[in-house]
Amino acid sequence: MKALKWRPGLPAILPSWFFIGSVIILIAVIITVTIKDLNRGRDIEIQTLLEKSTVLIRAFESGTRTGMGMRWRHDQRQTLVEEMAYQPGILYIAITDTSGRVLAHSDPDKVGAQLYTPQEMQNLHVAQTEQWRITPFIGEQDKHQSAFEVYRFFKPLKRMPGHRMHMGNKRPDTYWSNDIEDEDQDRNVIFTAFDTSTLEASQAKDIRNTIIFLSILGLLALASILSLFWAKRYQRSSRQLQDSKAFSSEIISNLPIGLITTNEHRQISVVNHTAEKILGHSAIGLSGRNIKQALPDNWNQLAGNEHNHQPVIEREIDYTLTSGQIIPLSISVANIVNSSGNFLGNVFIFRDMREVRQLQEEIRRKEKMAAIGNLAAGVAHEIRNPLSSIKGFAKYFEGRSEQGSEEQELAKVMAKEVDRLNRVITELLELVRPTDLRIQRVNICEVIEHSLHLIRQDAETKHINILFKAEPDLPLVDIDPDRFTQALLNLYLNAIQAIGSNGSLEVHLSINAASELQLVVKDSGKGIPADNLTNIFNPYFTTKASGTGLGLTVVQKVVEEHQGKISVTSQLSTGTSFELIIPIKHNPSIQEASDHDHS
């Protein structure tokens with residue numbers, strides 16, 4: 001099973017080796033066939049020379065037989081040898097005895113000499129049939145060359161005794177006589193040698209053509225293998241490039257910060273999803289456009305010149321959305337330059353600073369609350385003791401004064417103001433002191449209806465219509481009903497004061513997409529100026545002549561104690577809407593950490 005296990009990349013490797021192996025086998029087959037063709041051509045040439053030699057020997061034997069019939073002499077046989085040697089391509093014709101002595105030769109000067117030694121003659125193994133060999137030959141002007149030599153026993157064909165030759169006139173049978181000189185009675189050897197230059201030239205030409213053909217074939221095979229290698233390398237590089245592009249594209253798309261890149265013509269080429277969300281533009285609408293038309297002027301100024309431009313790191317700027325809203329951005333800009341110093345484009349990296357600003361504001365607010373807490377803890381005791389004495393003296397003077405007198409009224413004002421100061425100190429202490437929530441699982445609709453019932457009479461007096469709308473089947477929620485009711489009352493009272501009279505107060509209750517409780521308190525009042533929206537949750541910030549500026553701060557504190565969030569939207573002359581997001585289930589561990597931070 002392990003041997004059959006698929007391995008990544010195996011299907012891509014096998015075709016390459018299969019192709020290379022096929023090319024090698026094909027080359028081997030072609031080389032083998034070519035060598036066989038060369039050998040076959042050489043065999044044909046040799047067979048041709050052998051047949052020519054055989055015909056020549058038999059023709060010479062036929063002429064000798066005829067001469068013997070006419071009782072030729074040795075000089076006549078020598079003449080026949082010389083005459084036959086004049087044919088083209090013949091190097092020599094020789095007749096020797098078994099010891100190698102020349103009896104007749106196409107070169108008369110060699111008659112009587114030794115053509116071969118007796119030992120060489122013995123090694124030739126002369127037989128009745130023709131045999132051949134290629135042997136060295138020294139020609140004219142001591143030129144060394146090769147000779148195709150054919151040899152066998154020389155026996156002129158003749159009629160043997162007992163063999164009849166029937167005559168046409170039907171005369172009695174006659175017999176050839178065996179009148180041959182003594183040396184013809186021995187077993188002589190005839191040699192014929194042909195020039196091999198034609199054979200060698202033909203072989204050289206075939207070899208040369210074969211080498212050229214094989215060289216071309218080898219070059220084609222090498223080119224094919226190299227092409228395959230380059231194709232595989234290109235395929236692998238292309239696949240790696242695609243993987244790198246997919247990898248980088250995935251990284252760019254999922255970056256939590258906005259990214260925009262341009263080409264060398266400063267045309268936008270890449271816009272990731274975060275950039276689309278931050279800028280409020282689609283990538284399709286930005287791609288291909290020049291940054292001078294697509295991006296603000298201050299961005300183009302940060303991009304600067306393509307030469308000698310230093311990167312801009314974490315520059316905070318304001319960006320205006322199409323809706324007119326201004327958001328803070330932290331932007332970094334750099335030029336992309338290759339190793340040759342050529343400009344390839346710009347890269348813009350930016351992130352939305354709204355959450356950072358909110359966190360910074362939250363930290364500043366908590367630091368402010370901590371400072372107020374330290375102040376309240378140190379001063380509350382010192383203030384309350386004198387206030388108690390002042391209130392006591394005020395009551396004393398109120399009792400000693402005549403009923404309805406100015407002194408009595410002043411004493412009542414003093415006592416009332418002391419009570420107000422005590423209430424301010426109490427609210428301040430409650431604001432900075434960790435609250436021990438009494439979390440209960442309650443029906444949130446009942447809590448809201450109870451809170452609205454507390455202010456309904458005051459609202460009806462001012463002709464303010466109260467509307468409460470809730471989704472059906474809402475789950476039970478973990479809250480402290482008393483503290484939550486306190487926060488709601490602060491919102492309701494602020495709304496009634498903002499409306500004045502003849503308006504509406506709406507409360508909407510639902511579950512959002514994150515399965516959290518969403519509570520919206522909306523009024524039709526005069527609204528809050530945009531400059532004040534960022535300060536309304538700050539302690540002691542108020543636009544009311546008699547307000548303490550702690551109401552909304554207490555609301556925010558109660559919401560945060562319930563592990564929720566509060567936000568506000570407002571428009572002048574239209575009204576204000578507060579949105580509270582509260583988790584359905586309370587997490588005690590988060591509450592303990594929050595209490596530890598407050599302490």
# chains A, B, ... in the order shown; residues from 1 in each chain; ligands from 1

$ select_by_dssp --residues "stretch 273-472 of chain A" --states "strand (DSSP E or B)" --output "PyMOL selection string"
chain A and resi 290+312-320+326-337+343-352+440-442+464-470

$ residues_around --residues "A:Ile464" --least-positions-apart "6" --cutoff "10 Å" --atoms "only C-alpha atoms" --output "list in words"
Arg456, Gln457, Asp458, Ile496, Ile499, Gly500, Ser501, Asn502, Gly503, Ser504, Leu505, Asp523 and Ser524 of chain A

$ residues_around --residues "A:Ser567" --least-positions-apart "2" --cutoff "9 Å" --atoms "only C-alpha atoms" --output "ChimeraX atom specification"
/A:565,569,577-581

$ closest_residue --among "A:Asp436, A:Asp482, A:Asp107, A:Glu449" --to "A:His508" --atoms "only C-alpha atoms"
A:Glu449

$ select_by_dssp --residues "stretch 349-521 of chain A" --states "alpha helix (DSSP H)" --output "JSON, numbers by chain"
{"A": [354, 355, 356, 357, 358, 359, 360, 361, 362, 363, 364, 365, 366, 367, 368, 369, 370, 371, 372, 373, 374, 375, 376, 377, 378, 379, 380, 381, 382, 383, 384, 385, 386, 387, 388, 389, 390, 391, 392, 393, 394, 395, 396, 397, 398, 399, 400, 406, 407, 408, 409, 410, 411, 412, 413, 414, 415, 416, 417, 418, 419, 420, 421, 422, 423, 424, 425, 426, 427, 428, 429, 430, 431, 432, 444, 445, 446, 447, 448, 449, 450, 451, 452, 453, 454, 455, 456, 457, 458, 459, 460, 461, 481, 482, 483, 484, 485, 486, 487, 488, 489, 490, 491, 492, 493, 494, 495, 496, 497, 498, 499]}

$ write_last_selection --atoms "C-alpha atoms" --output "compact mmCIF listing (two decimals), in the first residue's frame"
# COMPACT_ATOMS: atom_id res chain seq x y z
CA ARG A 354 -10.99 56.28 14.48
CA GLU A 355 -10.74 53.28 16.78
CA VAL A 356 -7.31 54.41 17.94
CA ARG A 357 -8.66 57.86 18.60
CA GLN A 358 -11.56 56.34 20.50
CA LEU A 359 -9.19 54.23 22.56
CA GLN A 360 -7.05 57.26 23.22
CA GLU A 361 -10.12 59.22 24.21
CA GLU A 362 -11.21 56.36 26.43
CA ILE A 363 -7.82 56.28 28.09
CA ARG A 364 -7.92 60.03 28.62
CA ARG A 365 -11.43 59.78 29.99
CA LYS A 366 -10.44 57.04 32.40
CA GLU A 367 -7.39 58.99 33.45
CA LYS A 368 -9.64 61.99 34.02
CA MET A 369 -12.08 59.85 35.99
CA ALA A 370 -9.23 58.46 38.04
CA ALA A 371 -8.06 62.00 38.80
CA ILE A 372 -11.59 63.01 39.73
CA GLY A 373 -11.88 59.91 41.90
CA ASN A 374 -8.70 60.75 43.74
CA LEU A 375 -9.94 64.32 44.17
CA ALA A 376 -13.39 63.18 45.28
CA ALA A 377 -12.01 60.67 47.76
CA GLY A 378 -9.73 63.28 49.29
CA VAL A 379 -12.16 66.18 49.35
CA ALA A 380 -15.57 64.59 49.99
CA HIS A 381 -14.96 64.08 53.70
CA GLU A 382 -13.55 67.59 54.15
CA ILE A 383 -16.48 69.16 52.30
CA ARG A 384 -19.31 67.17 53.86
CA ASN A 385 -18.38 68.03 57.45
CA PRO A 386 -18.57 71.83 56.89
CA LEU A 387 -21.71 71.32 54.78
CA SER A 388 -23.35 69.49 57.68
CA SER A 389 -22.52 72.41 59.98
CA ILE A 390 -23.80 74.92 57.44
CA LYS A 391 -27.05 73.00 57.01
CA GLY A 392 -27.45 72.79 60.79
CA PHE A 393 -26.99 76.56 61.18
CA ALA A 394 -29.38 77.13 58.26
CA LYS A 395 -32.06 75.06 59.98
CA TYR A 396 -31.35 76.89 63.21
CA PHE A 397 -31.81 80.33 61.62
CA GLU A 398 -34.86 79.06 59.73
CA GLY A 399 -36.48 78.09 63.04
CA ARG A 400 -35.54 81.36 64.75
CA GLU A 406 -36.78 87.14 54.23
CA GLU A 407 -34.40 85.61 56.78
CA GLN A 408 -36.39 82.39 56.80
CA GLU A 409 -36.39 82.22 52.99
CA LEU A 410 -32.64 82.76 52.91
CA ALA A 411 -32.17 79.98 55.47
CA LYS A 412 -34.25 77.64 53.28
CA VAL A 413 -32.12 78.53 50.24
CA MET A 414 -28.96 77.78 52.21
CA ALA A 415 -30.30 74.36 53.28
CA LYS A 416 -31.42 73.62 49.72
CA GLU A 417 -28.02 74.49 48.27
CA VAL A 418 -26.29 72.37 50.91
CA ASP A 419 -28.50 69.46 49.86
CA ARG A 420 -27.58 70.10 46.22
CA LEU A 421 -23.88 70.11 47.09
CA ASN A 422 -24.29 66.86 48.99
CA ARG A 423 -26.07 65.38 46.00
CA VAL A 424 -23.24 66.49 43.70
CA ILE A 425 -20.67 64.91 45.99
CA THR A 426 -22.73 61.72 46.14
CA GLU A 427 -22.99 61.56 42.33
CA LEU A 428 -19.29 62.25 42.08
CA LEU A 429 -18.45 59.46 44.48
CA GLU A 430 -20.82 57.09 42.67
CA LEU A 431 -19.20 58.08 39.40
CA VAL A 432 -15.68 57.18 40.41
CA ILE A 444 -35.94 43.70 29.74
CA CYS A 445 -39.34 44.82 28.44
CA GLU A 446 -40.69 45.00 31.98
CA VAL A 447 -37.65 47.07 33.11
CA ILE A 448 -38.15 49.56 30.28
CA GLU A 449 -41.92 49.79 30.84
CA HIS A 450 -41.26 50.47 34.54
CA SER A 451 -38.73 53.21 33.72
CA LEU A 452 -41.13 54.82 31.23
CA HIS A 453 -43.92 54.72 33.81
CA LEU A 454 -41.79 56.85 36.14
CA ILE A 455 -41.56 59.72 33.68
CA ARG A 456 -44.88 59.27 31.87
CA GLN A 457 -46.78 61.83 33.97
CA ASP A 458 -44.10 64.48 33.46
CA ALA A 459 -44.10 63.75 29.72
CA GLU A 460 -47.88 63.93 29.41
CA THR A 461 -47.84 67.25 31.24
CA PRO A 481 -32.40 46.49 37.03
CA ASP A 482 -31.96 49.35 39.50
CA ARG A 483 -28.73 50.69 37.96
CA PHE A 484 -30.03 50.18 34.43
CA THR A 485 -33.26 52.01 35.32
CA GLN A 486 -31.16 54.87 36.70
CA ALA A 487 -29.29 55.15 33.38
CA LEU A 488 -32.54 55.07 31.39
CA LEU A 489 -34.11 57.77 33.58
CA ASN A 490 -31.13 60.05 32.90
CA LEU A 491 -31.64 59.56 29.17
CA TYR A 492 -35.39 60.14 29.41
CA LEU A 493 -35.01 63.32 31.48
CA ASN A 494 -32.40 64.71 29.08
CA ALA A 495 -34.74 63.95 26.18
CA ILE A 496 -37.73 65.64 27.88
CA GLN A 497 -35.62 68.72 28.61
CA ALA A 498 -34.38 68.81 24.99
CA ILE A 499 -37.94 68.47 23.62

$ residues_around --residues "A:Leu222" --least-positions-apart "6" --cutoff "10 Å" --atoms "only C-alpha atoms" --output "list in words"
Ile20, Val23, Ile216 and Leu228 of chain A

$ closest_atom_pairs --of "stretch 343-395 of chain A" --to "stretch 330-336 of chain A" --cutoff "12 Å" --atoms "only C-alpha atoms" --output "tab-separated table"
residue	atom	partner	partner_atom	distance
A:Phe343	CA	A:Ile336	CA	6.2
A:Leu344	CA	A:Ile336	CA	5.3
A:Gly345	CA	A:Ile336	CA	5.2
A:Asn346	CA	A:Asn335	CA	4.6
A:Val347	CA	A:Ala334	CA	5.5
A:Phe348	CA	A:Val333	CA	4.8
A:Ile349	CA	A:Ser332	CA	5.1
A:Phe350	CA	A:Ile331	CA	4.1
A:Arg351	CA	A:Ser330	CA	5.5
A:Asp352	CA	A:Ser330	CA	6.7
A:Met353	CA	A:Ser330	CA	6.5
A:Arg354	CA	A:Ser330	CA	10.1
A:Glu355	CA	A:Ser330	CA	11.9
A:Val356	CA	A:Ser330	CA	10.3
A:Arg357	CA	A:Ser330	CA	11.2

$ atom_distance --atom1 "atom CA of A:Ala283" --atom2 "atom CA of A:Ser339"
29.4 Å

$ residues_around --residues "stretch 203-210 of chain A" --least-positions-apart "3" --cutoff "8 Å" --atoms "only C-alpha atoms" --output "ChimeraX atom specification"
/A:34,38,41-42,199-200,213-214
